[in-house]
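Undergrad: Quick one: this structure, given as structure tokens, is what I'll be asking you about.
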Amino acid sequence: MSFDAAYFDLGRLDRLSYGETVMHRLDPRAKVIATGLFLVTVVSFPKYDVAGLVPFLLFPVLAAALGDIPIGFILRKVLIVSPFAVFVGIFNPLLDTRTVAVVAGLPVSAGWLSFASILAKFALTVSAALLLVATTSFPGVCHALRRLGCPAIFVSQLLFLYRYLFVLAEEAMRIVRARNLRSFGGRGRGASVFARLVGILLIRTLDRAERIYRAMLSRGFAGDLPTLRNSRAGSGDLAFAAATAILLGVFRFLPVTEGIGRFAQGLWS
Amino acid sequence: MHMADALLSPAVGVTLWAGSAAVGGYASRKLRDRIDDRLIPLMGVLGAFIFAAQMINFTIPGTGSSGHLGGGMILAVLLGPHAAFLTIASVLTVQALFFADGGLLALGCNIWNLGIYPCYLVYPLVYRPLAGEGRRPGRILIASVLSAVIALQLGAFSVVLETVLSGRSELPFGAFVLLMQPIHLAIGLVEGFVTAGIIGYVASARPEILESVAAARPVSAGVPLAKVLTVFALLTLFTGGALSWFASTHPDGLEWAIERVTGRGELPEAEQGVAAALKGFQEKTAFLPDYGFKPAEGESTAPEAAAPAWPGVAAGTSASGVTGAVIVLALVGLIGLGVRFAGRRDSDSTP
Amino acid sequence: MSHHIIDFRDVRFRYPDGTEALKGISFRITHGESVGIVGANGAGKSTLLQHMNGCLLPSAGEVTIGDLQLTAGTRREIRRKVGVIFQNPDDQLFMPTVFDDVAFGPLNLGMDEAHVRERVESALSRVNGLALRNKPPHHLSAGQKSAVAIAAVMAMEPDILAMDEPAAYLDPRSRRLLIELLKTFRHSKLVASHDLDLILDVCERCIVIRDGRVAADGPSAELLTDGALLEENHLELPLSLQRR
């Protein structure tokens with residue numbers, strides 16, 4: 001992805017994350033826990049199970065709909081990061097060619113099943129991660145982490161990273177544009193120029209860190225970052241978490257897809 | 001390369017999460033005791049710097065392909081092991097959350113692969129001894145290149161291990177290793193050179209900056225060798241042991257999945273061949289310390305056992321699993337559209 | 001009322017790399033005065049400002065703020081009285097939301113949550129920034145960031161306010177709002193700036209710094225209309241006084 005595109009995508013997801021929908025208002029801890037359970041459940045499906053994964057689509061679809069997050073945006077990001085998983089997964093149908101079923105006259109090998117399973121898991125897990133930030137905001141997730149036991153120094157540092165991410169990305173973008181304007185063909189884009197540019201960025205970053213520290217001291221910083229605003233989890237949040245856990249359990253341990261399929265087949269005959 | 005959730009089993013994912021979290025807790029405690037206040041904004045801002053630097057690509061001479069900075073080594077050099085580990089962990093966290101680069105479950109693996117090796121192994125054991133005081137560009141170059149290469153080799157190898165032990169991919173261990181290691185050797189070389197270049201530039205342009213950053217680190221920035229090796233050995237044993245216990249006899253569920261797809265309660269006799277193949281297959285996925293991993297040539301038995309087309313399934317019979325999947329997809333889609341539509345109607349009607 | 005007096009006595013400062021930025025600065029500012037610090041680039045304005053709250057300590061000479069002489073030990077106490085607003089607002093807004101940034105100072109002063117909220121609300125409303133309270137800083141415009149940075153310092157209710165190029169990133173309207181705001185601040189003010197029109201509007205007294213020393217110290221109306229003096233110091237007449 002080009003620099004500009006990556007930067008603006010970042011900005012878009014960030015802006016979406018400050019929405020005011022019912023999804024956004026849920027307690028961040030509930031969402032973090034729900035996402036964690038979702039991921040472990042999805043990933044726990046055995047290698048060849050594809051049908052069982054289908055109902056899990058309900059979660060990202062519902063979260064995106066309730067949170068007003070454009071599905072196309074999520075799908076595109078899923079596609080962009082898929083190369084590694086596809087690259088590794090594609091070996092499955094190539095290596096595992098035992099035919100295990102015939103569907104609509106076409107033989108299906110076990111390898112294709114496991115590949116489909118990988119792709120389904122990939123789509124589910126990636127969209128879950130994106131939707132977590134998209135409906136919670138990064139600082140929200142950080143506060144949730146802190147209250148779930150993450151060390152304070154790590155969380156403070158995450159928040160600083162997030163705060164200055166856009167600032168530094170913009171500085172880097174300016175440097176890159178300047179380089180691109182003055183490089184022709186392949187010249188000027190090599191590693192040694194890169195090292196120098198990044199060196200400049202690093203110096204500016206270190207100077208900036210010094211100025212930030214100075215500003216912090218000037219407002220009384222003495223080593224501990226003060227925190228306010230400990231929101232309480234309401235009954236709605238608990239209900240959300242419980243409902244998610246139950247639904248996850250149902251989808252994981254009961255053959256929902258087959259059941260619906262059999263039911264439909266029964267209706268037909 | 002970042003590990004993905006889809007290739008992980010819960011056992012591997014959770015184990016490495018636990019390992020990374022434990023080290024993260026350890027690093028946090030170490031820092032909390034002796035931290036210089038200025039390290040807090042510094043770590044965060046340097047994390048943002050790595051992120052921004054990763055957005056800039058450069059062409060690699062001779063190949064024409066583009067490269068990026070990983071950043072693990074340069075953070076370790078600037079911040080020392082504990083602070084660098086936390087910073088790397090935070091960069092990976094942001095990548096997982098914002099770019100979905102590397103999953104959230106795989107975050108534990110990625111923090112381990114890209115954080116532990118550079119900070120706690122390579123930096124104290126390779127970089128510092130070689131670079132010495134850090135004044136001579138020649139020594140910095142050698143130290144950087146060697147450190148980057150080793151760290152990336154270890155990281156890449158860990159990805160292979162994690163994937164194979166998870167059992168979701170068919171890639172045999174040997175082939176995977178042959179794929180990953182050479183690529184990461186090249187990446188490591190480039191990273192090492194670039195890291196040395198950056199450090200060299202800063203050292204020549206603003207030498208006092210590196211010194212003041214070093215002064216902000218906890219006093220004993222080095223990690224005693226014996227301690228590192230012991231901890232690392234213990235962690236490896238723990239990880240390996242836990243993983244093998246989980247992976248050894250866990251059936252891959254092929255039989256069960258076949259049944260669900262075809263809707264048949266019993267397996268007809270003709271799949272004797274397949275059952276035999278299944279058993280052989282299971283043996284091969286079992287992790288036995290003296291056995292090693294599935295040898296590449298082992299795969300040749302699988303195609304032999306590929307049974308003829310599934311008997312008993314009449315053409316045109318749709319399996320209940322497939323039917324069900326289609327219906328569920330449609331239902332989910334309808335629910336989603338319905339909710340969105342309802343949401344829009346609400347916002348239209350509110351003043 | 002001695003606790004609001006700013007007293008610099010022959011202050012010298014040398015940077016670690018050897019540059020002598022201040023070569024003997026002396027002046028006295030009493031309670032309620034508004035003083036502009038002007039001078040060419042590199043004259044020592046920013047260095048001087050950083051001595052106001054102990055970000056830098058003098059190499060020689062004395063800085064006394066109120067009853068306290070500035071040392072490494074007293075600077076924490078001094079920071080409770082002196083609010084410094086630096087040039088780049090991005091460097092001063094480092095918390096996840098505007099509210100958190102403005103609350104940072106009061107929380108560090110040890111105030112309880114209810115009082116902190118009060119301070120934040122009143123500081124933000126003074127800069128017309130209440131609507132911004134839940135926004136992350138990187139969603140703000142430059143003018144908004146400057147306003148919030150000022151609110152963040154004012155929330156500590158300092159007795160003395162020191163500013164480095166406060167209008168640098170502002171469009172004309174925001175700049176005008178800032179000038180109005182500064183006029184409402186009754187305590188001592190120190191404003192370092194190239195913007196001589198702003199100094200003329202806000203500060204009744206002006207100190208000209210050249211080459212690390214005080215070149216002139218007097219009423220702004222006199223100094224900033226003295227063309228010759230200004231030219232000696234690489235400055236020009238304020239734009240509003242120049243004939244087109």
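Please note that chains go A, B, ... in the order of the structure tokens, that every chain numbers its residues from 1, and that ligands are numbered from 1 in the order shown.
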Identify every residue of chain A that has at least one atom within 7 Å of any atom of chain C, counting only C-alpha atoms, and report the result as a list in words.

TA: Pro139, Leu159, Phe160, Arg163, Arg208, Arg211, Ile212, Arg214, Ala215, Ser218, Arg219, Gly220, Phe221 and Pro226 of chain A

Undergrad: Where does DSSP see helix (DSSP H, G or I) in stretch 121-253 of chain A, if you list the residues as JSON, numbers by chain?

TA: {"A": [121, 122, 123, 124, 125, 126, 127, 128, 129, 130, 131, 132, 133, 134, 135, 136, 138, 139, 140, 141, 142, 143, 144, 145, 146, 147, 152, 153, 154, 155, 156, 157, 158, 159, 160, 161, 162, 163, 164, 165, 166, 167, 168, 169, 170, 171, 172, 173, 174, 175, 176, 177, 178, 179, 180, 181, 191, 192, 193, 194, 195, 196, 197, 198, 199, 200, 201, 202, 203, 204, 205, 206, 207, 208, 209, 210, 211, 212, 213, 214, 215, 216, 217, 218, 235, 236, 237, 238, 239, 240, 241, 242, 243, 244, 245, 246, 247, 248, 249, 250, 251, 252, 253]}

Undergrad: At a cut-off of 10 Å, using only C-alpha atoms, what residues contact stretch 175-179 of chain A? Leave out same-chain residues fewer than 3 positions from it and give the result as a count of residues only.

TA: 20

Undergrad: I'd like the neighbourhood of A:Thr125 as a ChimeraX atom specification, where a residue qualifies if any of its atoms comes within 7 Å (using only C-alpha atoms), though same-chain residues fewer than 4 positions away should be ignored.

TA: /A:39,121,129 /B:5,103

Undergrad: Compute the chain B side of the contact with chain C at 12 Å, counting only C-alpha atoms, and hand it back as a compact mmCIF listing (two decimals) with N, CA and C atoms, in the first residue's frame.

TA:
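Produced file part-v9.txt, reproduced below:
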# COMPACT_ATOMS: atom_id res chain seq x y z
N ILE B 40 9.24 7.66 29.56
CA ILE B 40 7.84 7.37 29.24
C ILE B 40 7.42 8.02 27.93
N PRO B 41 7.56 9.35 27.79
CA PRO B 41 7.21 9.89 26.48
C PRO B 41 8.16 9.38 25.40
N LEU B 42 9.41 9.15 25.76
CA LEU B 42 10.39 8.74 24.76
C LEU B 42 10.02 7.41 24.12
N GLY B 44 7.08 5.99 23.87
CA GLY B 44 5.90 6.13 23.03
C GLY B 44 6.22 6.79 21.71
N VAL B 45 6.97 7.88 21.79
CA VAL B 45 7.27 8.62 20.57
C VAL B 45 8.17 7.79 19.65
N ARG B 206 24.35 14.39 15.43
CA ARG B 206 24.01 14.88 16.76
C ARG B 206 24.46 13.88 17.82
N PRO B 207 25.74 13.76 18.02
CA PRO B 207 26.25 12.71 18.93
C PRO B 207 25.68 12.81 20.34
N GLU B 208 25.41 14.02 20.81
CA GLU B 208 24.99 14.14 22.21
C GLU B 208 23.61 13.54 22.43
N ILE B 209 22.84 13.43 21.34
CA ILE B 209 21.49 12.88 21.48
C ILE B 209 21.55 11.43 21.93
N SER B 212 22.43 11.25 25.54
CA SER B 212 21.41 11.63 26.52
C SER B 212 20.33 10.57 26.59

Undergrad: So the first atom is atom CA of C:Ile29 and the second is atom CA of C:Ala123; what is the distance between them in Å, to one decimal place?

TA: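 Atom-to-atom, atom CA of C:Ile29 and atom CA of C:Ala123 are spaced 25.3 Å apart.
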
Undergrad: Using DSSP on the backbone coordinates, identify all residues within stretch 8-140 of chain C classified as strand (DSSP E); present the result as a PyMOL selection string.

TA: chain C and resi 8-14+20-29+34-39+60-65+68-69+82-85

Undergrad: Store the residues of this selection in a file with C-alpha atoms, as a PDB file, in the first residue's frame.

TA:
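The resulting file, selection06.pdb, is shown below:
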ATOM      1  CA  PHE C   8      16.655  38.109  36.863  1.00  0.00           C
ATOM      2  CA  ARG C   9      20.068  39.167  38.154  1.00  0.00           C
ATOM      3  CA  ASP C  10      22.986  38.920  35.763  1.00  0.00           C
ATOM      4  CA  VAL C  11      21.773  35.576  34.467  1.00  0.00           C
ATOM      5  CA  ARG C  12      24.144  33.681  32.235  1.00  0.00           C
ATOM      6  CA  PHE C  13      23.551  30.398  30.470  1.00  0.00           C
ATOM      7  CA  ARG C  14      25.783  28.160  28.431  1.00  0.00           C
ATOM      8  CA  GLU C  20      26.647  31.006  25.386  1.00  0.00           C
ATOM      9  CA  ALA C  21      22.998  31.938  24.980  1.00  0.00           C
ATOM     10  CA  LEU C  22      22.602  34.372  27.865  1.00  0.00           C
ATOM     11  CA  LYS C  23      25.440  36.699  28.762  1.00  0.00           C
ATOM     12  CA  GLY C  24      24.164  38.625  31.728  1.00  0.00           C
ATOM     13  CA  ILE C  25      20.441  39.324  31.673  1.00  0.00           C
ATOM     14  CA  SER C  26      18.951  41.514  34.359  1.00  0.00           C
ATOM     15  CA  PHE C  27      15.409  42.779  34.773  1.00  0.00           C
ATOM     16  CA  ARG C  28      12.631  42.973  37.305  1.00  0.00           C
ATOM     17  CA  ILE C  29       8.953  42.412  36.609  1.00  0.00           C
ATOM     18  CA  SER C  34       2.689  42.572  30.849  1.00  0.00           C
ATOM     19  CA  VAL C  35       6.105  42.407  29.312  1.00  0.00           C
ATOM     20  CA  GLY C  36       7.060  41.553  25.767  1.00  0.00           C
ATOM     21  CA  ILE C  37      10.412  39.937  25.000  1.00  0.00           C
ATOM     22  CA  VAL C  38      11.559  40.737  21.481  1.00  0.00           C
ATOM     23  CA  GLY C  39      14.711  40.137  19.560  1.00  0.00           C
ATOM     24  CA  ALA C  60      25.613  31.944  36.700  1.00  0.00           C
ATOM     25  CA  GLY C  61      23.517  34.681  38.238  1.00  0.00           C
ATOM     26  CA  GLU C  62      20.178  34.353  39.997  1.00  0.00           C
ATOM     27  CA  VAL C  63      16.594  33.895  39.001  1.00  0.00           C
ATOM     28  CA  THR C  64      14.079  34.648  41.701  1.00  0.00           C
ATOM     29  CA  ILE C  65      10.390  34.010  41.263  1.00  0.00           C
ATOM     30  CA  LEU C  68      11.976  31.406  45.740  1.00  0.00           C
ATOM     31  CA  GLN C  69      15.345  31.394  44.124  1.00  0.00           C
ATOM     32  CA  VAL C  82       4.577  29.905  36.621  1.00  0.00           C
ATOM     33  CA  GLY C  83       2.730  28.581  33.604  1.00  0.00           C
ATOM     34  CA  VAL C  84       4.791  28.309  30.461  1.00  0.00           C
ATOM     35  CA  ILE C  85       3.244  27.880  27.029  1.00  0.00           C
TER      36      ILE C  85
END

Undergrad: With a distance cut-off of 8 Å and only C-alpha atoms, select the neighbouring residues of stretch 28-34 of chain A, excluding the residue or stretch itself and same-chain residues fewer than 5 positions from it, and output the selection as a ChimeraX atom specification.

TA: /A:132,136,140-141,143-145,147-148,237-238,240-241,244-245

Undergrad: Using only C-alpha atoms, find the one residue out of B:Ala48, B:Leu31, B:Ala196, B:Val213 that sits nearest to chain A.

TA: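 Comparing B:Ala48, B:Leu31, B:Ala196, B:Val213 against chain A, the winner is B:Ala48.
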
Undergrad: Could you pull the residues within 12 Å of B:Pro129, counting only C-alpha atoms, minus those fewer than 3 positions along the same chain, as a PyMOL selection string?

TA: chain B and resi 122-126+132-134+139-140+142-144+146-147+222+225

Undergrad: Write a file of the just-selected residues containing C-alpha atoms, as a short mmCIF file (atom, residue, chain, number, x, y, z; two decimals), in the first residue's frame.

TA:
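So again13.cif came out as:
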data_model
loop_
_atom_site.label_atom_id
_atom_site.label_comp_id
_atom_site.auth_asym_id
_atom_site.auth_seq_id
_atom_site.Cartn_x
_atom_site.Cartn_y
_atom_site.Cartn_z
CA VAL B 122 20.66 -10.75 20.25
CA TYR B 123 21.18 -7.32 21.77
CA PRO B 124 23.01 -8.44 24.93
CA LEU B 125 24.78 -11.43 23.40
CA VAL B 126 25.65 -10.23 19.92
CA GLY B 132 31.51 -2.05 22.19
CA GLU B 133 31.31 1.62 23.04
CA GLY B 134 29.58 2.33 19.79
CA ARG B 139 32.09 -2.17 14.45
CA ILE B 140 28.56 -0.79 14.47
CA ILE B 142 29.25 -5.60 11.74
CA ALA B 143 27.28 -5.68 14.96
CA SER B 144 24.10 -4.41 13.27
CA LEU B 146 24.99 -9.83 12.42
CA SER B 147 22.36 -8.93 15.01
CA GLY B 222 22.79 -4.89 30.19
CA LEU B 225 24.24 -13.54 30.39
#

Undergrad: Would you work out the distance separating atom CA of B:Ser66 from atom CA of B:Met3, expressed in Å to one decimal?

TA: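 For atom CA of B:Ser66 relative to atom CA of B:Met3, the distance reads 20.7 Å.
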
Undergrad: Can you pull out every residue within 7 Å of B:Ala4, counting only C-alpha atoms, but drop anything in the same chain fewer than 4 positions away, and send it as a CSV table (one decimal) with C-alpha atoms, in the first residue's frame?

TA:
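For reference, part.csv as written:
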chain,number,residue,atom,x,y,z
A,85,ALA,CA,-2.4,-16.4,5.0
B,8,LEU,CA,-2.9,-20.8,14.7
B,102,GLY,CA,-1.0,-10.0,12.4
B,103,GLY,CA,-4.0,-11.1,14.3
B,106,ALA,CA,-1.3,-14.1,17.0

Undergrad: Separation of atom CA of B:Val159 and atom CA of B:Phe176, in Å?

TA: 9.6 Å

Undergrad: Between A:Asn92, A:Ser127, A:Ser235, A:Ser82, which has the minimum distance to chain B (counting only C-alpha atoms)?

TA: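 Closest to chain B, using only C-alpha atoms: A:Asn92.
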
Undergrad: When distances are computed from only C-alpha atoms, which of A:Arg232, A:Arg12, A:Arg204, A:Lys47 shows the smallest separation from chain B?

TA: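 Of A:Arg232, A:Arg12, A:Arg204, A:Lys47, the one nearest chain B is A:Lys47, counting only C-alpha atoms.
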
Undergrad: For chain A, which of B:Val145, B:Val177, B:Val339, B:Ile150 is the closest residue, counting only C-alpha atoms?

TA: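 Under the stated criterion, the closest residue is B:Val339.
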